[in-house]
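Quick notes on the structure that follows.
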Amino acid sequence: MAAARVQLLLSGRPESVSFARSVCGLLGAGPGLGPWPIHCGLKRGRLVLSSRPFPGASARLPLQRPPFCPFAALDGRPRVPGAELPTDRGVDLGVAVILQSSDKTVLLTRRARTLSVSPNLWVPPGGHVELEEELLDGGLRELWEECGLHLPQGQFSWVPLGLWESAYPPRLSWGLPKYHHIVLYLLVISQESQQQLQARIQPNPSEVSAFMWLTPDVAAAVAATEDGTETPRLLPQDLPPSVLALELEEDGRARPLVLPMSTLLRMIPTMAEGKERVSTGTKFALRLWLQHLGRKNAAHLDPGPAKEEWNMDPLPPNQGSGK
């Protein structure tokens with residue numbers, strides 16, 4: 001099926017976005033690093049975005065792009081002959097699932113080395129949203145296709161976390177971008193433990209080469225290594241030297257993999273290479289997950305006056321399959 005597209009509400013009606021234009025820029029993003037609050041219409045097979053409230057908007061979410069976003073760099077720059085971007089394509093819609101276990105750990109997968117786009121990157125399960133597909137259904141489908149994991153109806157809840165403007169290649173020094181997506185990160189909270197979920201995971205070796213579960217402390221350290229910034233953030237001194245993951249062998253069975261913490265903290269290189277690392281968008285999503293987790297913990301300990309949250313208008317009761 002064809003991929004769903006992103007639309008912007010700029011002059012009173014939804015309009016498709018040209019592949020070559022920065023979505024953040026069109027929505028009024030300034031020179032800072034963001035994120036920027038964006039009003040969203042989360043509908044079947046499409047995502048409508050606006051910098052202002054509009055009828056049908058169901059959530060307000062943070063929109064972010066990396067400091068080295070190639071579309072931001074190309075905006076307003078004279079086009080070089082022979083280096084034009086497509087004019088007959090729009091911006092595609094992707095979805096990624098931050099799957100949280102009842103133990104408060106989250107699942108990341110390592111993309112297979114043989115993939116033509118973003119090989120060897122640690123990311124949450126995700127991919128294209130298809131036309132006429134509900135956004136949650138698209139995320140759950142990707143979770144099934146990549147990890148063989150089906151979540152029983154009624155045993156999970158979910159909430160949209162944020163939006164990421166994604167390009168591949170991710171920076172101009174790697175070459176002109178061939179792919180342009182807005183990725184919606186969905187937090188899916190399972191009632192099952194990490195052990196229960198892991199017992200049912202059956203990764204697709206054509207897409208996934210390894211998987212692991214991150215605890216909040218490790219996720220915080222990974223999220224703190226912000227790609228494209230001048231000064232790295234200070235990291236906790238008590239971080240473990242490694243994290244245990246599971247890697248797929250040629251016969252499809254999973255074996256333990258001791259992954260050095262330095263691999264997870266690696267930043268995006270200036271020039272293209274296939275070194276294993278956590279993607280920049282995933283670091284953004286982990287920061288949003290930790291903020292959500294902190295709000296939930298604070299509300300449990302001290303249910304005082306509620307502070308303003310990004311998802312100011314929750315979607316209808318987020319239980320079950322989303323169908």
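By order of appearance in the structure tokens: chains A, B, ..., then residues from 1 within every chain, and ligands from 1 in the order shown.
By only C-alpha atoms, and with residues fewer than 3 positions from A:Lys275 along its chain excluded, the set lying at most 10 Å from it is Arg113, Pro119, Asn120, Leu121, Thr263, Arg266, Met267, Ile268, Pro269, Ala272 and Val278 of chain A.
Residues within 8 Å of stretch 13-27 of chain A, counting only C-alpha atoms and excluding same-chain residues fewer than 5 positions away, are A:Arg5, A:Val6, A:Gln7, A:Leu8, A:Val48, A:Ser50, A:Ser51, A:Leu63, A:Gln64, A:Arg65, A:Phe71, A:Ala72, A:Asp75, A:Leu85, A:Pro86, A:Thr87, A:Asp88, A:Arg89, A:Gly90, A:Val91, A:Glu165, A:His180.
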Any chance you can output those residues with N, CA, C and O atoms as an mmCIF file, in the first residue's frame?
```
data_model
loop_
_atom_site.group_PDB
_atom_site.id
_atom_site.type_symbol
_atom_site.label_atom_id
_atom_site.label_comp_id
_atom_site.auth_asym_id
_atom_site.auth_seq_id
_atom_site.Cartn_x
_atom_site.Cartn_y
_atom_site.Cartn_z
ATOM 1 N N ARG A 5 0.761 10.482 4.145
ATOM 2 C CA ARG A 5 1.539 11.701 4.034
ATOM 3 C C ARG A 5 1.198 12.678 5.149
ATOM 4 O O ARG A 5 0.145 12.606 5.768
ATOM 5 N N VAL A 6 2.115 13.621 5.333
ATOM 6 C CA VAL A 6 1.943 14.681 6.321
ATOM 7 C C VAL A 6 1.358 15.904 5.641
ATOM 8 O O VAL A 6 1.758 16.268 4.527
ATOM 9 N N GLN A 7 0.396 16.558 6.308
ATOM 10 C CA GLN A 7 -0.205 17.783 5.792
ATOM 11 C C GLN A 7 -0.065 18.898 6.832
ATOM 12 O O GLN A 7 -0.079 18.634 8.030
ATOM 13 N N LEU A 8 0.063 20.125 6.343
ATOM 14 C CA LEU A 8 0.161 21.299 7.215
ATOM 15 C C LEU A 8 -1.045 22.196 7.003
ATOM 16 O O LEU A 8 -1.535 22.342 5.883
ATOM 17 N N VAL A 48 -2.207 15.912 10.404
ATOM 18 C CA VAL A 48 -2.341 17.330 10.085
ATOM 19 C C VAL A 48 -1.688 18.128 11.208
ATOM 20 O O VAL A 48 -1.996 17.920 12.385
ATOM 21 N N SER A 50 -0.285 22.038 12.758
ATOM 22 C CA SER A 50 -0.426 23.490 12.714
ATOM 23 C C SER A 50 0.238 24.091 13.942
ATOM 24 O O SER A 50 0.290 23.470 15.006
ATOM 25 N N SER A 51 0.745 25.308 13.785
ATOM 26 C CA SER A 51 1.329 26.011 14.932
ATOM 27 C C SER A 51 0.254 26.619 15.824
ATOM 28 O O SER A 51 0.555 27.089 16.925
ATOM 29 N N LEU A 63 7.522 19.064 18.566
ATOM 30 C CA LEU A 63 8.121 18.740 17.272
ATOM 31 C C LEU A 63 9.591 19.142 17.323
ATOM 32 O O LEU A 63 9.919 20.254 17.724
ATOM 33 N N GLN A 64 10.447 18.239 16.882
ATOM 34 C CA GLN A 64 11.887 18.474 16.984
ATOM 35 C C GLN A 64 12.572 18.029 15.702
ATOM 36 O O GLN A 64 12.065 17.156 14.985
ATOM 37 N N ARG A 65 13.706 18.649 15.408
ATOM 38 C CA ARG A 65 14.583 18.205 14.327
ATOM 39 C C ARG A 65 16.009 18.270 14.845
ATOM 40 O O ARG A 65 16.292 18.998 15.814
ATOM 41 N N PHE A 71 17.249 19.520 5.635
ATOM 42 C CA PHE A 71 16.204 20.346 5.041
ATOM 43 C C PHE A 71 16.241 21.761 5.604
ATOM 44 O O PHE A 71 15.966 22.727 4.893
ATOM 45 N N ALA A 72 16.602 21.891 6.874
ATOM 46 C CA ALA A 72 16.779 23.226 7.448
ATOM 47 C C ALA A 72 17.972 23.925 6.803
ATOM 48 O O ALA A 72 17.925 25.124 6.507
ATOM 49 N N ASP A 75 16.966 25.070 3.209
ATOM 50 C CA ASP A 75 15.937 26.109 3.081
ATOM 51 C C ASP A 75 16.572 27.461 2.757
ATOM 52 O O ASP A 75 17.426 27.952 3.501
ATOM 53 N N LEU A 85 16.535 18.351 -5.320
ATOM 54 C CA LEU A 85 15.733 17.374 -4.593
ATOM 55 C C LEU A 85 14.437 17.126 -5.358
ATOM 56 O O LEU A 85 14.021 17.950 -6.181
ATOM 57 N N PRO A 86 13.771 16.011 -5.106
ATOM 58 C CA PRO A 86 12.525 15.706 -5.828
ATOM 59 C C PRO A 86 11.480 16.795 -5.620
ATOM 60 O O PRO A 86 11.349 17.359 -4.532
ATOM 61 N N THR A 87 10.732 17.095 -6.687
ATOM 62 C CA THR A 87 9.660 18.089 -6.605
ATOM 63 C C THR A 87 8.282 17.437 -6.671
ATOM 64 O O THR A 87 7.270 18.118 -6.492
ATOM 65 N N ASP A 88 8.242 16.141 -6.957
ATOM 66 C CA ASP A 88 6.964 15.442 -7.112
ATOM 67 C C ASP A 88 6.673 14.512 -5.941
ATOM 68 O O ASP A 88 5.849 13.600 -6.050
ATOM 69 N N ARG A 89 7.351 14.726 -4.821
ATOM 70 C CA ARG A 89 7.149 13.892 -3.645
ATOM 71 C C ARG A 89 6.805 14.754 -2.447
ATOM 72 O O ARG A 89 7.178 15.928 -2.382
ATOM 73 N N GLY A 90 6.093 14.165 -1.496
ATOM 74 C CA GLY A 90 5.771 14.854 -0.267
ATOM 75 C C GLY A 90 6.588 14.312 0.894
ATOM 76 O O GLY A 90 7.595 13.616 0.710
ATOM 77 N N VAL A 91 6.154 14.641 2.095
ATOM 78 C CA VAL A 91 6.794 14.160 3.318
ATOM 79 C C VAL A 91 5.983 12.984 3.837
ATOM 80 O O VAL A 91 4.770 13.091 4.036
ATOM 81 N N GLU A 165 11.299 15.264 12.917
ATOM 82 C CA GLU A 165 11.528 15.427 11.481
ATOM 83 C C GLU A 165 12.797 14.674 11.110
ATOM 84 O O GLU A 165 13.891 15.018 11.558
ATOM 85 N N HIS A 180 12.362 11.571 3.584
ATOM 86 C CA HIS A 180 11.919 12.662 4.459
ATOM 87 C C HIS A 180 10.641 12.208 5.151
ATOM 88 O O HIS A 180 9.637 11.926 4.494
#
```
If you count only C-alpha atoms, which residues fall within 8 Å of A:Leu61, apart from same-chain ones fewer than 3 positions away, as an mmCIF file with N, CA, C and O atoms, in the first residue's frame?
```cif
data_model
loop_
_atom_site.group_PDB
_atom_site.id
_atom_site.type_symbol
_atom_site.label_atom_id
_atom_site.label_comp_id
_atom_site.auth_asym_id
_atom_site.auth_seq_id
_atom_site.Cartn_x
_atom_site.Cartn_y
_atom_site.Cartn_z
ATOM 1 N N PRO A 37 6.062 23.511 20.224
ATOM 2 C CA PRO A 37 4.730 22.928 20.443
ATOM 3 C C PRO A 37 3.886 23.025 19.183
ATOM 4 O O PRO A 37 3.733 24.104 18.602
ATOM 5 N N ILE A 38 3.339 21.898 18.749
ATOM 6 C CA ILE A 38 2.571 21.821 17.507
ATOM 7 C C ILE A 38 1.227 21.154 17.788
ATOM 8 O O ILE A 38 1.156 20.146 18.498
ATOM 9 N N HIS A 39 0.172 21.721 17.222
ATOM 10 C CA HIS A 39 -1.162 21.136 17.340
ATOM 11 C C HIS A 39 -1.349 20.104 16.228
ATOM 12 O O HIS A 39 -0.999 20.369 15.069
ATOM 13 N N CYS A 40 -1.896 18.959 16.600
ATOM 14 C CA CYS A 40 -1.939 17.819 15.691
ATOM 15 C C CYS A 40 -3.351 17.283 15.542
ATOM 16 O O CYS A 40 -4.086 17.169 16.526
ATOM 17 N N PRO A 160 0.437 9.513 22.647
ATOM 18 C CA PRO A 160 1.440 10.080 21.734
ATOM 19 C C PRO A 160 2.460 10.896 22.519
ATOM 20 O O PRO A 160 2.090 11.683 23.392
ATOM 21 N N LEU A 161 3.740 10.717 22.206
ATOM 22 C CA LEU A 161 4.805 11.411 22.924
ATOM 23 C C LEU A 161 5.297 12.659 22.197
ATOM 24 O O LEU A 161 5.463 13.715 22.798
ATOM 25 N N GLY A 162 5.585 12.537 20.903
ATOM 26 C CA GLY A 162 6.160 13.666 20.185
ATOM 27 C C GLY A 162 6.422 13.338 18.739
ATOM 28 O O GLY A 162 6.214 12.207 18.270
ATOM 29 N N LEU A 163 6.911 14.338 18.007
ATOM 30 C CA LEU A 163 7.121 14.258 16.563
ATOM 31 C C LEU A 163 8.574 14.588 16.238
ATOM 32 O O LEU A 163 9.164 15.508 16.815
ATOM 33 N N TRP A 310 2.439 18.442 27.285
ATOM 34 C CA TRP A 310 2.407 18.568 25.839
ATOM 35 C C TRP A 310 1.089 18.054 25.291
ATOM 36 O O TRP A 310 0.434 18.702 24.506
ATOM 37 N N ASN A 311 0.656 16.828 25.678
ATOM 38 C CA ASN A 311 -0.584 16.292 25.140
ATOM 39 C C ASN A 311 -1.742 16.907 25.922
ATOM 40 O O ASN A 311 -2.311 16.267 26.768
#
```
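For A:Lys178, the residues within 8 Å (counting only C-alpha atoms, excluding itself and residues fewer than 6 positions away along the chain) are Ala167, Tyr168 and Pro169 of chain A.
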Any chance you can output those residues with C-alpha atoms as a short mmCIF file (atom, residue, chain, number, x, y, z; two decimals), in the first residue's frame?
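Generated output (out_20.cif):
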```cif
data_model
loop_
_atom_site.label_atom_id
_atom_site.label_comp_id
_atom_site.auth_asym_id
_atom_site.auth_seq_id
_atom_site.Cartn_x
_atom_site.Cartn_y
_atom_site.Cartn_z
CA ALA A 167 15.95 12.66 6.94
CA TYR A 168 18.14 9.99 5.40
CA PRO A 169 20.99 10.50 4.85
#
```
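Residues with any atom within 6 Å of A:Gly41, counting only C-alpha atoms and excluding same-chain neighbours fewer than 6 positions away, are Leu47, Val48, Gly56, Ala57 and Ser58 of chain A.
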With all heavy atoms retained, could you export that selection as a CSV table (one decimal), in the first residue's frame?
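Generated output (result_26.csv):
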```
chain,number,residue,atom,x,y,z
A,47,LEU,N,-1.6,12.8,9.1
A,47,LEU,CA,-1.3,13.7,10.2
A,47,LEU,C,-1.3,15.1,9.8
A,47,LEU,O,-0.7,15.5,8.8
A,47,LEU,CB,0.1,13.3,10.7
A,47,LEU,CG,0.7,14.1,11.9
A,47,LEU,CD1,-0.1,13.8,13.2
A,47,LEU,CD2,2.2,13.8,12.1
A,48,VAL,N,-2.2,15.9,10.4
A,48,VAL,CA,-2.3,17.3,10.1
A,48,VAL,C,-1.7,18.1,11.2
A,48,VAL,O,-2.0,17.9,12.4
A,48,VAL,CB,-3.8,17.7,9.9
A,48,VAL,CG1,-3.9,19.2,9.6
A,48,VAL,CG2,-4.5,16.9,8.8
A,56,GLY,N,-10.7,19.9,15.3
A,56,GLY,CA,-10.2,18.6,14.9
A,56,GLY,C,-8.8,18.2,15.5
A,56,GLY,O,-8.4,17.1,15.5
A,57,ALA,N,-8.1,19.2,16.0
A,57,ALA,CA,-6.8,18.9,16.7
A,57,ALA,C,-7.1,18.1,17.9
A,57,ALA,O,-7.9,18.5,18.7
A,57,ALA,CB,-6.1,20.2,17.0
A,58,SER,N,-6.3,17.0,18.1
A,58,SER,CA,-6.6,16.1,19.2
A,58,SER,C,-5.4,16.1,20.2
A,58,SER,O,-5.6,15.5,21.3
A,58,SER,CB,-6.8,14.7,18.7
A,58,SER,OG,-5.8,14.3,17.8
```
(message) Which residues are close to A:Arg46, i.e. within 10 Å by only C-alpha atoms, leaving aside same-chain residues fewer than 4 positions away? Reply as a VMD selection string.
(response) chain A and resid 3 to 7 41 to 42 92 to 93 129 to 135
